[in-house]
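Here is the file protein.txt (compact mmCIF, C-alpha atoms and all ligand atoms).
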# COMPACT_ATOMS: atom_id res chain seq x y z
CA MET A 256 -0.63 22.32 9.47
CA SER A 257 -1.07 23.48 13.06
CA TYR A 258 -0.60 20.99 15.83
CA ARG A 259 -3.12 22.99 17.88
CA LEU A 260 -5.94 21.70 15.72
CA PRO A 261 -8.04 19.05 17.45
CA ILE A 262 -7.02 15.49 16.59
CA HIS A 263 -10.11 14.71 14.49
CA GLN A 264 -9.37 17.79 12.36
CA ARG A 265 -5.71 16.80 11.97
CA LEU A 266 -6.70 13.28 10.93
CA ALA A 267 -9.27 14.59 8.45
CA ASN A 268 -6.75 17.04 6.96
CA ALA A 269 -4.16 14.27 6.69
CA LEU A 270 -6.58 12.12 4.72
CA ASN A 271 -7.61 15.06 2.48
CA TYR A 272 -3.99 15.99 1.78
CA GLY A 273 -3.00 12.38 1.05
CA GLU A 274 -0.57 12.12 3.98
CA PHE A 275 -1.31 8.54 5.02
CA ARG A 276 0.71 5.66 3.61
CA ILE A 277 0.30 1.93 3.66
CA TYR A 278 3.27 -0.25 4.42
CA TYR A 279 3.24 -3.96 3.68
CA GLN A 280 4.71 -6.63 5.93
CA PRO A 281 5.47 -10.00 4.31
CA VAL A 282 3.57 -13.09 5.44
CA ILE A 283 5.62 -16.27 5.05
CA GLU A 284 4.55 -19.87 4.56
CA LEU A 285 6.85 -21.60 7.06
CA ALA A 286 7.06 -24.92 5.21
CA THR A 287 8.44 -23.28 2.05
CA GLY A 288 9.84 -19.98 3.32
CA LYS A 289 7.93 -18.21 0.52
CA ILE A 290 6.12 -14.88 0.77
CA ILE A 291 2.46 -15.71 0.23
CA GLY A 292 1.01 -12.32 1.05
CA ALA A 293 1.19 -9.20 3.18
CA GLU A 294 -0.49 -7.39 6.03
CA ALA A 295 -1.39 -3.79 5.21
CA LEU A 296 -0.33 -1.44 8.02
CA CYS A 297 -1.23 2.24 8.06
CA ARG A 298 1.51 4.86 8.50
CA TRP A 299 1.24 8.61 9.14
CA PRO A 300 4.50 10.44 8.36
CA GLN A 301 5.11 13.61 10.39
CA ARG A 302 6.91 16.81 9.44
CA ASP A 303 10.00 15.78 11.44
CA SER A 304 10.35 12.63 9.25
CA THR A 305 9.15 10.30 12.02
CA PHE A 306 5.92 8.31 11.93
CA ALA A 307 3.07 8.87 14.34
CA PRO A 308 2.80 5.64 16.40
CA PRO A 309 0.01 3.57 14.78
CA GLU A 310 -1.24 2.32 18.16
CA THR A 311 -1.87 5.98 19.12
CA PHE A 312 -3.37 7.47 15.97
CA ILE A 313 -5.45 4.38 15.19
CA THR A 314 -6.89 4.54 18.73
CA GLN A 315 -7.57 8.27 18.26
CA ALA A 316 -9.22 7.56 14.91
CA GLU A 317 -11.29 4.86 16.58
CA THR A 318 -12.39 7.18 19.42
CA THR A 319 -13.34 10.03 17.07
CA GLY A 320 -15.07 7.75 14.55
CA PHE A 321 -12.57 8.85 11.87
CA ILE A 322 -11.46 5.21 11.58
CA VAL A 323 -14.43 4.61 9.25
CA PRO A 324 -13.25 6.88 6.37
CA LEU A 325 -9.60 6.10 7.14
CA GLY A 326 -10.28 2.35 7.18
CA GLU A 327 -12.12 2.61 3.85
CA TRP A 328 -9.13 4.38 2.35
CA VAL A 329 -6.77 1.70 3.73
CA MET A 330 -8.96 -1.07 2.34
CA ARG A 331 -9.30 0.54 -1.12
CA THR A 332 -5.61 1.35 -1.44
CA ALA A 333 -4.40 -2.04 -0.18
CA LEU A 334 -6.83 -3.95 -2.41
CA GLU A 335 -5.84 -1.98 -5.51
CA GLN A 336 -2.18 -2.64 -4.73
CA ALA A 337 -2.76 -6.36 -4.07
CA SER A 338 -4.71 -6.64 -7.32
CA ARG A 339 -1.75 -5.14 -9.23
CA TRP A 340 0.61 -7.65 -7.57
CA GLN A 341 -1.73 -10.53 -8.38
CA LYS A 342 -1.64 -9.56 -12.05
CA LEU A 343 2.11 -9.02 -12.03
CA LEU A 344 2.92 -12.33 -10.31
CA ASP A 345 -0.01 -14.33 -11.63
CA VAL A 346 -0.49 -15.92 -8.21
CA ASP A 347 -3.14 -15.67 -5.51
CA PHE A 348 -1.23 -13.12 -3.48
CA GLN A 349 -3.02 -12.73 -0.12
CA ILE A 350 -3.73 -9.33 1.40
CA ALA A 351 -4.65 -8.89 5.07
CA VAL A 352 -6.44 -5.74 6.23
CA ASN A 353 -7.11 -4.82 9.87
CA LEU A 354 -10.67 -3.98 10.88
CA SER A 355 -11.17 -1.97 14.06
CA GLY A 356 -14.19 -2.38 16.34
CA ARG A 357 -16.12 0.54 14.85
CA GLN A 358 -15.42 -0.54 11.29
CA PHE A 359 -16.44 -4.09 12.08
CA MET A 360 -19.75 -2.97 13.64
CA HIS A 361 -20.50 -0.28 11.03
CA PRO A 362 -23.82 -0.96 9.22
CA ASN A 363 -22.27 0.00 5.88
CA LEU A 364 -19.32 -2.44 6.16
CA HIS A 365 -20.74 -5.20 4.01
CA LYS A 366 -21.72 -2.84 1.17
CA SER A 367 -18.45 -0.94 1.24
CA VAL A 368 -16.40 -4.18 1.21
CA GLU A 369 -18.41 -5.60 -1.65
CA GLU A 370 -17.97 -2.40 -3.72
CA THR A 371 -14.28 -2.06 -2.96
CA VAL A 372 -13.46 -5.67 -3.84
CA ARG A 373 -15.34 -5.29 -7.13
CA THR A 374 -13.74 -1.95 -8.07
CA ALA A 375 -10.25 -3.22 -7.27
CA SER A 376 -11.01 -6.41 -9.29
CA LEU A 377 -9.42 -8.47 -6.53
CA ARG A 378 -9.85 -12.23 -6.33
CA LYS A 379 -12.20 -12.39 -3.34
CA HIS A 380 -10.66 -15.33 -1.54
CA THR A 381 -7.33 -13.48 -1.44
CA LEU A 382 -8.63 -10.80 0.95
CA GLU A 383 -8.42 -11.56 4.64
CA PHE A 384 -9.79 -9.31 7.38
CA GLU A 385 -8.08 -9.31 10.75
CA ILE A 386 -10.38 -8.75 13.70
CA THR A 387 -8.96 -8.74 17.20
CA GLU A 388 -10.13 -11.34 19.62
CA SER A 389 -11.39 -8.59 21.97
CA VAL A 390 -13.50 -6.94 19.25
CA ALA A 391 -14.96 -10.29 18.19
CA MET A 392 -15.78 -11.30 21.75
CA HIS A 393 -17.15 -7.89 22.78
CA ASN A 394 -20.58 -8.61 21.36
CA ALA A 395 -20.09 -12.17 20.26
CA GLU A 396 -23.59 -12.91 18.92
CA ASP A 397 -23.52 -9.80 16.70
CA SER A 398 -19.97 -10.66 15.66
CA ILE A 399 -21.06 -14.07 14.41
CA GLY A 400 -23.71 -12.41 12.18
CA ILE A 401 -21.24 -9.90 10.71
CA MET A 402 -18.61 -12.60 10.18
CA ARG A 403 -21.15 -14.77 8.36
CA GLN A 404 -21.95 -11.90 6.00
CA LEU A 405 -18.26 -11.37 5.23
CA LYS A 406 -17.69 -15.12 4.80
CA GLY A 407 -20.73 -15.14 2.50
CA GLU A 408 -18.79 -12.76 0.25
CA GLY A 409 -16.06 -15.41 0.04
CA LEU A 410 -13.50 -13.48 2.12
CA GLY A 411 -11.06 -14.88 4.70
CA LEU A 412 -11.26 -14.00 8.40
CA ALA A 413 -8.47 -14.13 10.96
CA LEU A 414 -8.69 -13.61 14.71
CA ASP A 415 -5.87 -11.17 15.54
CA ASP A 416 -3.88 -10.87 18.81
CA PHE A 417 -5.20 -14.27 19.82
CA GLY A 418 -4.63 -15.10 23.48
CA THR A 419 -4.77 -11.51 24.76
CA GLY A 420 -8.55 -11.02 24.97
CA TYR A 421 -11.29 -12.77 26.86
CA SER A 422 -11.40 -16.03 24.96
CA SER A 423 -14.61 -17.92 25.15
CA LEU A 424 -13.98 -21.32 23.64
CA SER A 425 -17.68 -21.87 23.04
CA TYR A 426 -17.75 -18.75 20.85
CA LEU A 427 -14.43 -19.57 19.25
CA LYS A 428 -15.90 -22.74 17.80
CA ARG A 429 -18.92 -20.80 16.49
CA PHE A 430 -16.99 -17.98 14.81
CA PRO A 431 -16.82 -18.67 11.05
CA ILE A 432 -13.11 -17.83 10.90
CA ASP A 433 -10.22 -19.35 8.96
CA LYS A 434 -7.16 -18.47 10.98
CA LEU A 435 -5.83 -17.66 14.46
CA LYS A 436 -2.98 -15.17 14.72
CA ILE A 437 -0.89 -15.89 17.81
CA ASP A 438 -0.12 -12.61 19.54
CA LYS A 439 3.53 -11.57 19.52
CA SER A 440 3.67 -11.48 23.34
CA PHE A 441 3.59 -15.32 23.34
CA VAL A 442 6.16 -15.60 20.55
CA ARG A 443 8.71 -13.19 22.07
CA ASP A 444 10.18 -15.56 24.69
CA ILE A 445 10.03 -18.89 22.88
CA PRO A 446 11.85 -21.23 22.90
CA ALA A 447 13.36 -20.13 26.27
CA ASP A 448 10.17 -19.70 28.30
CA ALA A 449 8.53 -23.04 29.11
CA ASN A 450 5.11 -21.45 29.78
CA ASP A 451 5.05 -19.65 26.43
CA LEU A 452 6.16 -22.86 24.69
CA ALA A 453 3.24 -24.69 26.24
CA ILE A 454 0.77 -21.90 25.36
CA VAL A 455 1.93 -21.68 21.73
CA GLU A 456 1.81 -25.47 21.32
CA ALA A 457 -1.67 -25.57 22.83
CA ILE A 458 -2.99 -22.74 20.62
CA ILE A 459 -1.68 -24.47 17.48
CA ALA A 460 -3.16 -27.84 18.50
CA MET A 461 -6.51 -26.28 19.37
CA ALA A 462 -6.66 -24.27 16.15
CA HIS A 463 -5.93 -27.35 14.06
CA ALA A 464 -8.53 -29.38 15.96
CA LEU A 465 -11.05 -26.64 15.05
CA GLY A 466 -9.97 -26.76 11.40
CA LEU A 467 -8.22 -23.37 11.52
CA SER A 468 -4.80 -22.41 10.26
CA VAL A 469 -2.32 -20.54 12.46
CA GLN A 470 -0.13 -17.52 11.86
CA ALA A 471 2.46 -16.36 14.39
CA GLU A 472 3.31 -12.67 14.59
CA GLY A 473 6.42 -11.01 15.97
CA VAL A 474 8.81 -13.75 14.79
CA GLU A 475 12.25 -12.25 15.19
CA THR A 476 14.65 -15.22 15.51
CA GLN A 477 15.37 -18.40 13.59
CA ALA A 478 14.88 -20.41 16.83
CA GLN A 479 11.31 -19.07 17.10
CA ALA A 480 10.62 -19.90 13.46
CA ASP A 481 12.06 -23.42 13.88
CA PHE A 482 9.93 -24.14 16.95
CA LEU A 483 6.77 -22.84 15.26
CA THR A 484 7.48 -24.92 12.16
CA GLU A 485 7.98 -28.05 14.30
CA CYS A 486 4.63 -27.42 15.99
CA GLY A 487 2.94 -27.25 12.58
CA CYS A 488 2.27 -23.49 12.52
CA GLU A 489 1.56 -22.68 8.87
CA TYR A 490 2.33 -18.98 8.54
CA ALA A 491 4.47 -16.33 10.18
CA GLN A 492 5.36 -12.67 10.03
CA GLY A 493 8.00 -10.69 11.89
CA TYR A 494 11.29 -8.87 11.62
CA LEU A 495 13.12 -12.16 10.86
CA PHE A 496 11.40 -12.18 7.47
CA GLY A 497 10.88 -8.45 6.99
CA ARG A 498 9.39 -5.31 8.47
CA ALA A 499 6.48 -3.43 6.96
CA VAL A 500 7.82 -1.50 3.96
CA PRO A 501 6.43 0.84 1.28
CA PRO A 502 4.92 -0.85 -1.81
CA GLU A 503 7.93 -0.18 -4.07
CA GLU A 504 10.22 -1.94 -1.59
CA PHE A 505 7.78 -4.77 -1.11
CA GLN A 506 7.75 -5.32 -4.84
CA VAL A 507 11.52 -5.75 -4.73
CA LEU A 508 11.02 -8.47 -2.07
CA LEU A 509 8.64 -10.14 -4.51
CA GLY A 510 11.45 -10.27 -7.04
CA HIS A 511 9.89 -7.68 -9.34
CA ALA A 512 11.76 -4.42 -8.91
CA PRO A 513 9.62 -1.52 -10.21
CA PRO A 514 11.11 0.76 -12.91
CA ARG A 515 13.89 2.93 -11.45
CA SER A 516 11.83 6.10 -12.06
CA GLU A 517 9.13 4.80 -9.65
CA MET A 518 11.55 3.94 -6.87
CA PRO A 519 12.14 6.11 -3.83
CA GLU A 520 15.65 7.64 -3.64
CA PRO A 521 17.27 5.19 -1.13
CA LEU A 522 16.27 2.16 -3.21
CA ARG A 523 17.38 3.75 -6.47
CA ALA A 524 20.79 4.32 -4.90
CA GLN A 525 21.00 0.58 -4.16
CA GLY A 526 19.93 -0.32 -7.67
CA GLY A 527 16.70 -1.72 -6.20
CA SER A 528 18.26 -5.03 -5.43
CA ARG A 529 17.75 -5.54 -1.72
P1 LIG A 601 -1.31 -5.52 14.65
O1 LIG A 601 -2.48 -5.66 13.74
O2 LIG A 601 -1.14 -6.54 15.71
O3 LIG A 601 -0.05 -5.42 13.69
C1 LIG A 601 1.18 -6.03 13.98
C2 LIG A 601 2.14 -5.04 14.58
O4 LIG A 601 3.33 -5.72 14.97
C3 LIG A 601 2.57 -3.97 13.61
O5 LIG A 601 2.77 -2.77 14.37
C4 LIG A 601 3.91 -4.49 13.10
O6 LIG A 601 4.77 -3.49 12.57
C5 LIG A 601 4.45 -5.08 14.37
N1 LIG A 601 5.44 -6.13 14.12
C6 LIG A 601 5.59 -6.90 13.02
N2 LIG A 601 6.60 -7.78 13.14
C7 LIG A 601 7.11 -7.57 14.37
C8 LIG A 601 8.21 -8.18 15.09
O7 LIG A 601 8.87 -9.09 14.64
N3 LIG A 601 8.43 -7.72 16.36
C9 LIG A 601 7.71 -6.71 16.90
N4 LIG A 601 8.01 -6.31 18.13
N5 LIG A 601 6.67 -6.10 16.25
C10 LIG A 601 6.39 -6.54 15.00
P2 LIG A 601 2.25 -1.36 13.85
O8 LIG A 601 2.39 -1.24 12.38
O9 LIG A 601 2.92 -0.34 14.73
O10 LIG A 601 0.71 -1.40 14.15
C11 LIG A 601 0.23 -1.42 15.46
C12 LIG A 601 -1.24 -1.70 15.46
O11 LIG A 601 -1.97 -0.62 14.89
C13 LIG A 601 -1.63 -2.95 14.65
O12 LIG A 601 -1.36 -4.09 15.41
C14 LIG A 601 -3.10 -2.68 14.43
O13 LIG A 601 -3.84 -3.02 15.58
C15 LIG A 601 -3.13 -1.16 14.29
N6 LIG A 601 -3.17 -0.82 12.86
C16 LIG A 601 -2.18 -0.54 11.98
N7 LIG A 601 -2.68 -0.25 10.77
C17 LIG A 601 -4.02 -0.35 10.86
C18 LIG A 601 -5.11 -0.15 9.94
O14 LIG A 601 -4.95 0.14 8.75
N8 LIG A 601 -6.39 -0.33 10.45
C19 LIG A 601 -6.61 -0.67 11.75
N9 LIG A 601 -7.88 -0.83 12.17
N10 LIG A 601 -5.62 -0.87 12.63
C20 LIG A 601 -4.33 -0.72 12.20
CA CA A 602 -3.18 -7.28 12.50
CA CA A 603 -1.70 -8.65 15.93
As a first step, turn the structure in this file into structure tokens.
Ligand code: C2E
Ligand code: CA
Ligand code: CA
Amino acid sequence: MSYRLPIHQRLANALNYGEFRIYYQPVIELATGKIIGAEALCRWPQRDSTFAPPETFITQAETTGFIVPLGEWVMRTALEQASRWQKLLDVDFQIAVNLSGRQFMHPNLHKSVEETVRTASLRKHTLEFEITESVAMHNAEDSIGIMRQLKGEGLGLALDDFGTGYSSLSYLKRFPIDKLKIDKSFVRDIPADANDLAIVEAIIAMAHALGLSVQAEGVETQAQADFLTECGCEYAQGYLFGRAVPPEEFQVLLGHAPPRSEMPEPLRAQGGSR
């Protein structure tokens, strides 16, 4: 495929040719250390065996409007995968899917979500959408309406990258959300940085006072995990627990190695036991 093609054409070709992948990053319940779910993260492998940076191609997809078909593909694929894991494990495995601004505001969102959840035969309460604080606050009154519709379907809602946007506390208390995700920029320097410690503690206390649960992202060290656990943070994700990995590898993390024939070469070589 030529790199001289305009970006929207390259993205459309990539979707048509099945080039996109979804990687799954484990979400941990801090009190038990157990994997309770995953965040679905889109990957676009390139011919040189690298990945296109998600921040870049997702922004390009957002600008060109291509995020709508791409986001639908992500949602359908992740929900079908999560549904398979729910059956395999017989637990309410949680799946988190990111919604960009355009997807969130798209008039067809509600219908497409409803159809996808039904087709994937996913237990509704196990799907959580992540909406960034900036997207939610951008047009807060409209956001409340859209969130109510999604909540009406029985789905979970999390406010992503919390602390980086323009927080309006009066809106925060009106958003029908379930969870705040503390942005990784606040987690990075705890427990060394006294300001970040205070911010993280305050976010957790405020979330709990509003009846919301808290998930920290970007947890890379045991000291960070210990501090978050002490503060009562319920969930975490980050390199300490595991990076985003392809579904076959994630299934190994879940303690259910897929048949050897379905494993990618590097895992097969390890006997699928990592
Ligand atoms: P995000 O939603 O905030 O996702 C978390 C990002 O943090 C992911 O980057 C993840 O790989 C990375 N991360 C996880 N643990 C750690 C850690 O311990 N340390 C550090 N430094 N980073 C960690 P990724 O996969 O590159 O995605 C970047 C962004 O692209 C996401 O940020 C999200 O905004 C967007 N994105 C990715 N996939 C999708 C998608 O399917 N739809 C939409 N709308 N956006 C997506
Ligand atoms: Ca996210
Ligand atoms: Ca985030």
Report task. Extract, using only C-alpha atoms, all DNA, RNA and protein residues at most 8 Å from range 329-337 of chain A, discarding same-chain residues fewer than 6 positions from it, and format them as number ranges by chain. Result -> A: 277, 295, 297, 348-350, 352, 371-372, 375-377, 382, 502
Which residues of chain A have any atom within 6 Å of an atom in ligand CA 602 (chain A) when counting all atoms listed in the file, and what is the closest pair of atoms for each, with the distance in Å to one decimal? Order the rows by chain and rising number and write it as a Markdown table.
| residue | atom | partner | partner_atom | distance |
| --- | --- | --- | --- | --- |
| A:Asn353 | CA | A:CA602 | CA | 5.3 |
| A:Glu385 | CA | A:CA602 | CA | 5.6 |
| A:Asp415 | CA | A:CA602 | CA | 5.6 |
Generate a file of the selected residues that holds C-alpha atoms, formatted as an mmCIF file, keeping the file's coordinate frame.
data_model
loop_
_atom_site.group_PDB
_atom_site.id
_atom_site.type_symbol
_atom_site.label_atom_id
_atom_site.label_comp_id
_atom_site.auth_asym_id
_atom_site.auth_seq_id
_atom_site.Cartn_x
_atom_site.Cartn_y
_atom_site.Cartn_z
ATOM 1 C CA ASN A 353 -7.110 -4.820 9.870
ATOM 2 C CA GLU A 385 -8.080 -9.310 10.750
ATOM 3 C CA ASP A 415 -5.870 -11.170 15.540
#
Which residues of chain A have any atom within 8 Å of an atom in ligand LIG 601 (chain A) when counting all atoms listed in the file, and what is the closest pair of atoms for each, with the distance in Å to one decimal? Order the rows by chain and rising number and write it as a Markdown table.
| residue | atom | partner | partner_atom | distance |
| --- | --- | --- | --- | --- |
| A:Ile277 | CA | A:LIG601 | O14 | 7.5 |
| A:Gln280 | CA | A:LIG601 | C6 | 7.1 |
| A:Glu294 | CA | A:LIG601 | O3 | 7.9 |
| A:Ala295 | CA | A:LIG601 | O14 | 6.4 |
| A:Leu296 | CA | A:LIG601 | N7 | 3.8 |
| A:Cys297 | CA | A:LIG601 | N7 | 4.0 |
| A:Arg298 | CA | A:LIG601 | N7 | 7.0 |
| A:Pro308 | CA | A:LIG601 | O9 | 6.2 |
| A:Pro309 | CA | A:LIG601 | O11 | 4.6 |
| A:Glu310 | CA | A:LIG601 | O11 | 4.5 |
| A:Thr311 | CA | A:LIG601 | O11 | 7.8 |
| A:Ile313 | CA | A:LIG601 | N10 | 5.8 |
| A:Glu317 | CA | A:LIG601 | N9 | 8.0 |
| A:Ile322 | CA | A:LIG601 | N9 | 7.0 |
| A:Leu325 | CA | A:LIG601 | O14 | 7.7 |
| A:Gly326 | CA | A:LIG601 | N8 | 5.7 |
| A:Val329 | CA | A:LIG601 | O14 | 5.6 |
| A:Met330 | CA | A:LIG601 | O14 | 7.7 |
| A:Val352 | CA | A:LIG601 | O14 | 6.6 |
| A:Asn353 | CA | A:LIG601 | C19 | 4.6 |
| A:Leu354 | CA | A:LIG601 | N9 | 4.4 |
| A:Ser355 | CA | A:LIG601 | N9 | 4.0 |
| A:Gly356 | CA | A:LIG601 | N9 | 7.7 |
| A:Gln358 | CA | A:LIG601 | N9 | 7.6 |
| A:Glu385 | CA | A:LIG601 | O1 | 7.3 |
| A:Thr387 | CA | A:LIG601 | O13 | 7.8 |
| A:Asp415 | CA | A:LIG601 | O2 | 6.6 |
| A:Asp416 | CA | A:LIG601 | O2 | 6.0 |
| A:Asp438 | CA | A:LIG601 | O2 | 7.2 |
| A:Lys439 | CA | A:LIG601 | C9 | 6.9 |
| A:Arg443 | CA | A:LIG601 | N3 | 7.9 |
| A:Glu472 | CA | A:LIG601 | N2 | 6.1 |
| A:Gly473 | CA | A:LIG601 | O7 | 3.4 |
| A:Val474 | CA | A:LIG601 | O7 | 4.7 |
| A:Glu475 | CA | A:LIG601 | O7 | 4.7 |
| A:Gln492 | CA | A:LIG601 | N2 | 5.9 |
| A:Gly493 | CA | A:LIG601 | O7 | 3.3 |
| A:Tyr494 | CA | A:LIG601 | O7 | 3.9 |
| A:Leu495 | CA | A:LIG601 | O7 | 6.5 |
| A:Gly497 | CA | A:LIG601 | N2 | 7.5 |
| A:Arg498 | CA | A:LIG601 | N2 | 6.0 |
| A:Ala499 | CA | A:LIG601 | O6 | 5.9 |
**Report entry** For CA of Val469 in chain A and CA of Pro446 in chain A, the interatomic separation in Å (one decimal)
**Finding:**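 Answer for the CA of Val469 in chain A to CA of Pro446 in chain A separation: 17.6 Å.
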Query raised in the report: From the set A:Arg302, A:Arg429, A:Arg378, A:Lys289, which residue has the shortest atom-to-atom contact distance to Ala269 in chain A, counting all atoms listed in the file?
Result: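 Result for the nearest residue to Ala269 in chain A: A:Arg302.
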Report task. Between A:Pro501, A:Gly400, A:Gly466, A:Gly418, single out the one closest to ligand CA 603 (chain A), counting all atoms listed in the file. Result ->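 Among A:Pro501, A:Gly400, A:Gly466, A:Gly418, it is A:Gly418 that comes nearest to ligand CA 603 (chain A).
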Requested in this report: Calculate how many Å separate CA of Phe306 in chain A from CA of Phe275 in chain A, rounding to one decimal.
Outcome: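 Computing the Euclidean distance for CA of Phe306 in chain A and CA of Phe275 in chain A yields 10.0 Å.
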Report task. Rank nothing, just name the residue among A:Gln404, A:Asn450, A:Thr476, A:Thr419 nearest to ligand CA 603 (chain A), using all atoms listed in the file. Result -> A:Thr419
Report summary line: Using only C-alpha atoms, the shortest atom-to-atom distance to Phe384 in chain A among A:Glu485, A:Asp444, A:Glu408, A:Glu456 belongs to A:Glu408
Requested in this report: Tell me, as number ranges by chain, which residues lie within 6 Å of range 433-435 of chain A, counting all atoms listed in the file; anything in the same chain fewer than 3 positions away does not count.
Outcome: A: 412-414, 467-469
**Report entry** Nearest to ligand CA 603 (chain A) by atom-to-atom distance, counting all atoms listed in the file, from A:Leu465, A:Leu405, A:Ala351, A:Val455
**Finding:**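 Of the candidates, the smallest distance to ligand CA 603 (chain A) is held by A:Ala351.
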Report task. Quick one: everything within 6 Å of Glu284 in chain A, counting only C-alpha atoms, minus sequence neighbours fewer than 3 positions away in the same chain. Send it as a list in words. Result ->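 Here the answer would be Thr287, Gly288, Lys289, Glu489 and Tyr490 of chain A.
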Those selected residues, please, written with C-alpha atoms and delivered as a PDB file, in the coordinates of the input.
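What ended up in selection_25.pdb:
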ATOM      1  CA  THR A 287       8.440 -23.280   2.050  1.00  0.00           C
ATOM      2  CA  GLY A 288       9.840 -19.980   3.320  1.00  0.00           C
ATOM      3  CA  LYS A 289       7.930 -18.210   0.520  1.00  0.00           C
ATOM      4  CA  GLU A 489       1.560 -22.680   8.870  1.00  0.00           C
ATOM      5  CA  TYR A 490       2.330 -18.980   8.540  1.00  0.00           C
TER       6      TYR A 490
END
Requested in this report: Could you check which of A:Thr484, A:Gln470, A:Thr381, A:Ser338 is closest to ligand CA 603 (chain A), using all atoms listed in the file?
Outcome: A:Gln470
Padding of 4 Å on every side, edges along x, y and z, all listed atoms of range 415-420 of chain A included: what centre and edge lengths in Å, to one decimal, does that box have, as JSON?
{"center_x": -6.2, "center_y": -13.0, "center_z": 20.3, "size_x": 12.7, "size_y": 12.2, "size_z": 17.4}
Excluding Ser389 in chain A and its own-chain neighbours fewer than 4 positions away, which residues fall within 7 Å of it when counting all atoms listed in the file? Please give them as a short mmCIF file (atom, residue, chain, number, x, y, z; two decimals) with C-alpha atoms, in the frame of the given file.
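Produced file part-v3.cif, reproduced below:
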data_model
loop_
_atom_site.label_atom_id
_atom_site.label_comp_id
_atom_site.auth_asym_id
_atom_site.auth_seq_id
_atom_site.Cartn_x
_atom_site.Cartn_y
_atom_site.Cartn_z
CA HIS A 393 -17.15 -7.89 22.78
CA GLY A 420 -8.55 -11.02 24.97
CA TYR A 421 -11.29 -12.77 26.86
#
Report task. Go ahead and compute the interatomic distance for CA of Val323 in chain A and CA of Ala293 in chain A, in Å to one decimal. Result ->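 A separation of 21.7 Å between them.
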At the level of all heavy atoms, write range 447-451 of chain A to a file as a CSV table (one decimal), in the first residue's frame, please.
chain,number,residue,atom,x,y,z
A,447,ALA,N,6.9,9.8,45.5
A,447,ALA,CA,7.9,10.8,45.8
A,447,ALA,C,7.4,12.2,45.8
A,447,ALA,O,7.8,13.0,46.7
A,447,ALA,CB,9.1,10.6,44.8
A,448,ASP,N,6.5,12.6,44.9
A,448,ASP,CA,6.1,14.0,44.8
A,448,ASP,C,4.9,14.3,45.7
A,448,ASP,O,3.8,13.7,45.5
A,448,ASP,CB,5.7,14.2,43.3
A,448,ASP,CG,5.4,15.6,43.0
A,448,ASP,OD1,4.5,16.2,43.7
A,448,ASP,OD2,6.0,16.2,42.1
A,449,ALA,N,5.2,15.2,46.6
A,449,ALA,CA,4.1,15.5,47.6
A,449,ALA,C,2.9,16.1,47.0
A,449,ALA,O,1.8,15.8,47.5
A,449,ALA,CB,4.7,16.4,48.7
A,450,ASN,N,3.0,16.9,46.0
A,450,ASN,CA,1.9,17.5,45.3
A,450,ASN,C,1.0,16.4,44.6
A,450,ASN,O,-0.2,16.4,44.8
A,450,ASN,CB,2.3,18.5,44.2
A,450,ASN,CG,2.9,19.7,44.8
A,450,ASN,OD1,2.6,20.1,46.0
A,450,ASN,ND2,3.8,20.4,44.1
A,451,ASP,N,1.7,15.5,43.9
A,451,ASP,CA,0.9,14.4,43.3
A,451,ASP,C,0.2,13.5,44.3
A,451,ASP,O,-0.9,13.1,44.1
A,451,ASP,CB,1.8,13.6,42.3
A,451,ASP,CG,2.1,14.4,41.1
A,451,ASP,OD1,1.3,15.3,40.7
A,451,ASP,OD2,3.1,14.0,40.4
